[in-house]
Every structure is written in C-alpha cells, then in structure tokens.
Amino acid sequence: MLRLPPFRYAAPATARDAARLLADYGPDAMPVAGGTDLYPNMKRRQFTPRLLVGLRGLEEACGIDANGTLSLGAMVTLSEVASHRGLRERWPAVARSASLVSSPPLRNQGTIGGNLCVDTRCNYYNQTEEWRASIGYCMKKDGHVCLVAPGSDVCWALSSSDTAPVMIALDAEVTLVGPVEDRRVRVRDLYGPDGIAYLAKRREEILTRIDVPDRAGWRMTYRKLRRRGSIDFPILGVAAAVRLGPGGVVEEARIVLGAVHTSPVIAGAAEEFLRGRMLDAETIEMAAGIAYKPAKPLDNADLSYAWRKRMARVEVARALRELAGLPTGDLAPTGAAD
C-alpha cells in the first residue's frame, strides 16, 4: 500500500496569509485544494512537502457569479461548475469540460483552480518511487534526462487540464495573490513550454478567481479523448468557440488543443482561416487540417502518439461540426453537460 509521507497542515484564513506561508517555507511547502492529484503524487514521492497549506477555507476563492461576466472562485468544485444552470446555459463549454474531469467522487472534491494548475503528466514520471528508481529517474523528478526526448534540454510532460483549453479559448483571466500584492494574468499566459516549470504562477502565489468575459452570441464546446469514458486524464482535448455574423459567416473563432504539448496549444492559423468564411462542411475539414498541425504528442501518454496526432484533426472537425449544427458522426462525449 502506498502511504503519504509525513507533513504538517496549515489552514490560513486568507489568500495573503497562505501566500506568506508558502514564501516563508519555500520549496518545503505546497498549497492543496481538493488534493485529488497532489495526494496520489505524494504517495508516489513525486512531492514530499513538509508543510501543506490548505486553501479550502479561503472565502475570497469561493462562489460563482454568472451575471453578465462569469467569476469563478478557484475553490469551487468541478461538480459545482458542471451542474450550475447559468454556466450550462451561457458558458456550456466551461460546464462540459468540468463534467469530463475524472469521475463523480473526484469532481466532488477537486476544484476548478486545481484543475487549471494540475501537474503535467508523463508515463515515465507518474509511477511509483520504485519504478522510477529502476529506470534511473527522469528530468522532471530526481533525474537529468528527459526519457521521452533524451536530446532535449526541457521536460516534455504533457499539460493534462481539461478546463485550461476552454478558459484560453474564452480569453479568461485569473487573479494571483502573492505575499504583498495581487496580479491578473490571462489564462493563455499562465502556461509555459517546459513540463517542469509549466506554470507562470510563482510558487508562493495563490490562484483565487477565474474571470470569463460575457460570451453571449458565441457557440462553444469542448471534446475530450481518452481510453475510458471516466477517470482517465485526456490524451487530447479540443476547445472550440465561434461567433457567427449575418449569413452564418465566422466573425471570430477560437481553437485550443490540450494534452498535445507541455501547455495548451492555440491553433492560430486555423482560427485565422475560419474568419470571414461560412462554417460549412468543406470549410470545417480544411480548418481541421490546419488546426492539428501544431499538435506535438510524444510517446509519453496512453495509446499511440501517431494516432493521437491524427485524432486531433478528427476531433477538431467534430467540434466545429457540432458548433455548425452538423452531425458529428459520433456519440456525445460521456458526461457532457448539454
């Protein structure tokens, strides 16, 4: 049986106090919200903090305000996001992405802020201590070489958040509270090109709120590819949103791919291609053929990386067909918040 390492637990009353604790203890402390990813990682000794700073009691990080714009407290559970009527009606892609994370018990515990900050994943990293020791460890923890790309000077562990691609597509921002001051960061700028230093959030900062602009008049969706219909992390996520003008012409488009790189990938060329065009079957196939090109899956997740690359094109086309009101050719994603 895998057991947690020993640690102390602190429950500060405010985000500022939490940030100061993290700053004081440095690398020996970590924040914890729902703990659905952190605790298993601690059992595998991927993390061994001496102090856990609990965030569930932070009032400024709670609550949902869906009047006009959307403001989500980072400690709101994924189940609350998935079931909220206002989100399902006005930001359905946000509700759907939350509904597709893991399983009901873990969505009841896991938080929207935690999912945005969830650790990157890799077949060589997400293993027990004994397994990792047997292969000499990897760059992300205790080793010096990326076992996926041995010639690389960065870690290629994959971004595994379901909600991040949607938040990027909707141009959301987060509030980060530090020991002294706060700052706001666009979600698209929250992630970096290294599977180790994958967050632009400083170690001592606390993510307290996610703010999403009013997207009235937009069509949006999220699709998730995984081996099973529950539990599994994504091996591909596709967030898509379009705003159609008179005659069904695309005025604005957003396509973001998840789980194909160390951070979510914005398919900017495909977005530009769609602008000014009718969202018909031919346009969709051409846009999908452009959108999947920046996807760079490697052999560090479930199923073949070549197949995952091909499926990026398929799933982008299905997402756009859904937004166009055309048959997608498959069943609705499991747990979809329709």
# chains A, B, ... in the order shown; residues from 1 in each chain; ligands from 1
>>> closest_atom_pairs(of="segment 166-197 of chain A", to="segment 134-154 of chain A", cutoff="10 Å", atoms="only C-alpha atoms", output="Markdown table")
| residue | atom | partner | partner_atom | distance |
| --- | --- | --- | --- | --- |
| A:Pro193 | CA | A:Val154 | CA | 8.2 |
| A:Asp194 | CA | A:Val154 | CA | 5.6 |
| A:Gly195 | CA | A:Val154 | CA | 7.2 |
| A:Ile196 | CA | A:Lys140 | CA | 5.7 |
| A:Ala197 | CA | A:Val154 | CA | 9.3 |
>>> closest_atom_pairs(of="segment 160-189 of chain A", to="segment 223-230 of chain A", cutoff="12 Å", atoms="only C-alpha atoms", output="JSON lines")
{"residue": "A:Ser160", "atom": "CA", "partner": "A:Lys224", "partner_atom": "CA", "distance": 11.0}
{"residue": "A:Ser161", "atom": "CA", "partner": "A:Lys224", "partner_atom": "CA", "distance": 10.6}
{"residue": "A:Asp162", "atom": "CA", "partner": "A:Lys224", "partner_atom": "CA", "distance": 7.8}
{"residue": "A:Thr163", "atom": "CA", "partner": "A:Lys224", "partner_atom": "CA", "distance": 10.6}
{"residue": "A:Pro165", "atom": "CA", "partner": "A:Arg223", "partner_atom": "CA", "distance": 10.2}
{"residue": "A:Val166", "atom": "CA", "partner": "A:Arg223", "partner_atom": "CA", "distance": 9.9}
>>> residues_around(residues="Ile112 of chain A", least_positions_apart="2", cutoff="9 Å", atoms="only C-alpha atoms", output="ChimeraX atom specification")
/A:72-78,81,98,110,114-117,163,210
>>> closest_residue(among="A:Gly289, A:Pro31, A:Gly57, A:Pro5", to="Arg202 of chain A", atoms="only C-alpha atoms")
A:Pro31
>>> select_by_dssp(residues="segment 24-221 of chain A", states="alpha helix (DSSP H)", output="ChimeraX atom specification")
/A:24-25,38-43,78-83,85-90,92-99,104-109,112-116,129-134,163-169
>>> write_last_selection(atoms="N, CA and C atoms", output="short mmCIF file (atom, residue, chain, number, x, y, z; two decimals), in the first residue's frame")
data_model
loop_
_atom_site.label_atom_id
_atom_site.label_comp_id
_atom_site.auth_asym_id
_atom_site.auth_seq_id
_atom_site.Cartn_x
_atom_site.Cartn_y
_atom_site.Cartn_z
N ASP A 24 7.49 31.81 3.14
CA ASP A 24 8.36 31.56 4.29
C ASP A 24 9.00 30.18 4.24
N TYR A 25 8.23 29.18 3.81
CA TYR A 25 8.73 27.81 3.82
C TYR A 25 9.41 27.41 2.51
N LEU A 38 -2.62 15.94 -6.04
CA LEU A 38 -1.44 16.10 -5.18
C LEU A 38 -1.22 14.90 -4.28
N TYR A 39 -2.27 14.40 -3.62
CA TYR A 39 -2.06 13.31 -2.67
C TYR A 39 -1.55 12.03 -3.34
N PRO A 40 -2.11 11.62 -4.49
CA PRO A 40 -1.50 10.47 -5.17
C PRO A 40 -0.04 10.71 -5.56
N ASN A 41 0.27 11.93 -5.98
CA ASN A 41 1.67 12.24 -6.32
C ASN A 41 2.56 12.17 -5.09
N MET A 42 2.04 12.59 -3.96
CA MET A 42 2.83 12.48 -2.72
C MET A 42 3.05 11.02 -2.35
N LYS A 43 2.04 10.19 -2.53
CA LYS A 43 2.20 8.76 -2.22
C LYS A 43 3.27 8.12 -3.09
N LEU A 78 -15.44 21.06 -9.13
CA LEU A 78 -15.75 20.76 -10.52
C LEU A 78 -17.21 20.32 -10.67
N SER A 79 -17.73 19.63 -9.68
CA SER A 79 -19.14 19.23 -9.73
C SER A 79 -20.05 20.45 -9.71
N GLU A 80 -19.70 21.45 -8.90
CA GLU A 80 -20.50 22.67 -8.85
C GLU A 80 -20.46 23.41 -10.18
N VAL A 81 -19.30 23.46 -10.80
CA VAL A 81 -19.19 24.10 -12.11
C VAL A 81 -20.02 23.34 -13.14
N ALA A 82 -19.92 22.03 -13.14
CA ALA A 82 -20.60 21.21 -14.14
C ALA A 82 -22.11 21.29 -14.03
N SER A 83 -22.62 21.48 -12.83
CA SER A 83 -24.07 21.43 -12.62
C SER A 83 -24.73 22.80 -12.55
N ARG A 85 -26.60 25.95 -13.42
CA ARG A 85 -27.51 26.21 -14.55
C ARG A 85 -27.00 27.39 -15.40
N GLY A 86 -26.57 28.47 -14.76
CA GLY A 86 -26.11 29.63 -15.52
C GLY A 86 -24.93 29.31 -16.42
N LEU A 87 -24.00 28.49 -15.93
CA LEU A 87 -22.86 28.09 -16.75
C LEU A 87 -23.30 27.20 -17.91
N ARG A 88 -24.16 26.26 -17.63
CA ARG A 88 -24.62 25.34 -18.67
C ARG A 88 -25.34 26.08 -19.78
N GLU A 89 -26.01 27.18 -19.45
CA GLU A 89 -26.76 27.93 -20.45
C GLU A 89 -25.89 28.93 -21.20
N ARG A 90 -24.97 29.60 -20.51
CA ARG A 90 -24.26 30.73 -21.12
C ARG A 90 -22.78 30.44 -21.40
N PRO A 92 -21.46 26.95 -21.82
CA PRO A 92 -21.60 25.48 -21.78
C PRO A 92 -20.28 24.73 -21.89
N ALA A 93 -19.30 25.31 -22.58
CA ALA A 93 -18.02 24.62 -22.70
C ALA A 93 -17.31 24.54 -21.36
N VAL A 94 -17.47 25.55 -20.51
CA VAL A 94 -16.88 25.51 -19.17
C VAL A 94 -17.51 24.38 -18.36
N ALA A 95 -18.84 24.31 -18.39
CA ALA A 95 -19.54 23.24 -17.65
C ALA A 95 -19.17 21.87 -18.20
N ARG A 96 -19.09 21.74 -19.52
CA ARG A 96 -18.78 20.44 -20.11
C ARG A 96 -17.37 19.99 -19.75
N SER A 97 -16.40 20.90 -19.85
CA SER A 97 -15.02 20.50 -19.54
C SER A 97 -14.90 20.05 -18.09
N ALA A 98 -15.59 20.75 -17.18
CA ALA A 98 -15.56 20.33 -15.77
C ALA A 98 -16.23 18.98 -15.59
N SER A 99 -17.31 18.72 -16.34
CA SER A 99 -18.06 17.47 -16.19
C SER A 99 -17.27 16.27 -16.70
N PRO A 104 -17.21 11.15 -10.79
CA PRO A 104 -18.01 11.96 -9.86
C PRO A 104 -17.39 12.17 -8.48
N PRO A 105 -16.89 11.13 -7.80
CA PRO A 105 -16.31 11.40 -6.47
C PRO A 105 -15.16 12.39 -6.51
N LEU A 106 -14.31 12.30 -7.53
CA LEU A 106 -13.18 13.21 -7.61
C LEU A 106 -13.60 14.61 -8.04
N ARG A 107 -14.66 14.71 -8.86
CA ARG A 107 -15.18 16.04 -9.19
C ARG A 107 -15.83 16.70 -7.98
N ASN A 108 -16.36 15.89 -7.07
CA ASN A 108 -16.93 16.45 -5.85
C ASN A 108 -15.86 17.05 -4.94
N GLN A 109 -14.64 16.57 -5.06
CA GLN A 109 -13.54 17.02 -4.23
C GLN A 109 -12.63 18.00 -4.96
N ILE A 112 -11.93 23.84 -9.54
CA ILE A 112 -11.65 24.42 -10.85
C ILE A 112 -10.25 25.04 -10.86
N GLY A 113 -9.84 25.67 -9.77
CA GLY A 113 -8.49 26.23 -9.71
C GLY A 113 -7.43 25.15 -9.72
N GLY A 114 -7.72 24.06 -9.01
CA GLY A 114 -6.76 22.95 -9.00
C GLY A 114 -6.60 22.34 -10.37
N ASN A 115 -7.69 22.23 -11.13
CA ASN A 115 -7.58 21.66 -12.47
C ASN A 115 -6.79 22.56 -13.41
N LEU A 116 -6.93 23.87 -13.26
CA LEU A 116 -6.12 24.78 -14.08
C LEU A 116 -4.63 24.63 -13.77
N GLU A 129 7.81 5.28 -6.74
CA GLU A 129 9.22 5.56 -6.49
C GLU A 129 10.11 4.41 -6.95
N GLU A 130 9.68 3.19 -6.67
CA GLU A 130 10.50 2.03 -7.04
C GLU A 130 10.62 1.91 -8.56
N TRP A 131 9.50 2.13 -9.28
CA TRP A 131 9.52 2.05 -10.75
C TRP A 131 10.46 3.09 -11.32
N ARG A 132 10.36 4.31 -10.83
CA ARG A 132 11.20 5.39 -11.36
C ARG A 132 12.67 5.16 -11.04
N ALA A 133 12.93 4.63 -9.86
CA ALA A 133 14.32 4.33 -9.49
C ALA A 133 14.91 3.27 -10.41
N SER A 134 14.08 2.31 -10.83
CA SER A 134 14.59 1.21 -11.64
C SER A 134 15.06 1.65 -13.02
N THR A 163 -9.95 21.92 -18.25
CA THR A 163 -10.57 23.24 -18.25
C THR A 163 -9.69 24.32 -18.86
N ALA A 164 -8.37 24.12 -18.88
CA ALA A 164 -7.47 25.15 -19.40
C ALA A 164 -7.72 25.49 -20.87
N PRO A 165 -7.87 24.51 -21.78
CA PRO A 165 -8.13 24.88 -23.18
C PRO A 165 -9.38 25.73 -23.34
N VAL A 166 -10.42 25.42 -22.56
CA VAL A 166 -11.66 26.20 -22.65
C VAL A 166 -11.44 27.62 -22.15
N MET A 167 -10.78 27.76 -21.02
CA MET A 167 -10.54 29.09 -20.47
C MET A 167 -9.68 29.94 -21.40
N ILE A 168 -8.75 29.31 -22.09
CA ILE A 168 -7.93 30.04 -23.06
C ILE A 168 -8.80 30.46 -24.25
N ALA A 169 -9.63 29.54 -24.73
CA ALA A 169 -10.49 29.85 -25.88
C ALA A 169 -11.45 30.99 -25.57
#
>>> closest_residue(among="A:Arg215, A:Arg50, A:Arg186, A:Arg308", to="Gly237 of chain A", atoms="only C-alpha atoms")
A:Arg308
>>> closest_residue(among="A:Val185, A:Val265, A:Val53, A:Val250", to="Gly217 of chain A", atoms="only C-alpha atoms")
A:Val250
>>> closest_residue(among="A:Asp299, A:Asp37, A:Glu285, A:Glu181", to="Thr111 of chain A", atoms="only C-alpha atoms")
A:Asp37
>>> select_by_dssp(residues="segment 104-336 of chain A", states="strand (DSSP E or B)", output="PyMOL selection string")
chain A and resi 111+121+138+141-142+158+173-177+182-186+191+199+206-212+218-225+236-244+249-258+265-266+278
>>> residues_around(residues="Arg313 of chain A", least_positions_apart="4", cutoff="10 Å", atoms="only C-alpha atoms", output="list in words")
Val238, Glu285, Met286, Ala287, Ala288, Gly289, Ile290, Ala291, Tyr292, Lys293, Ala295, Arg308, Lys309, Ala317 and Arg318 of chain A
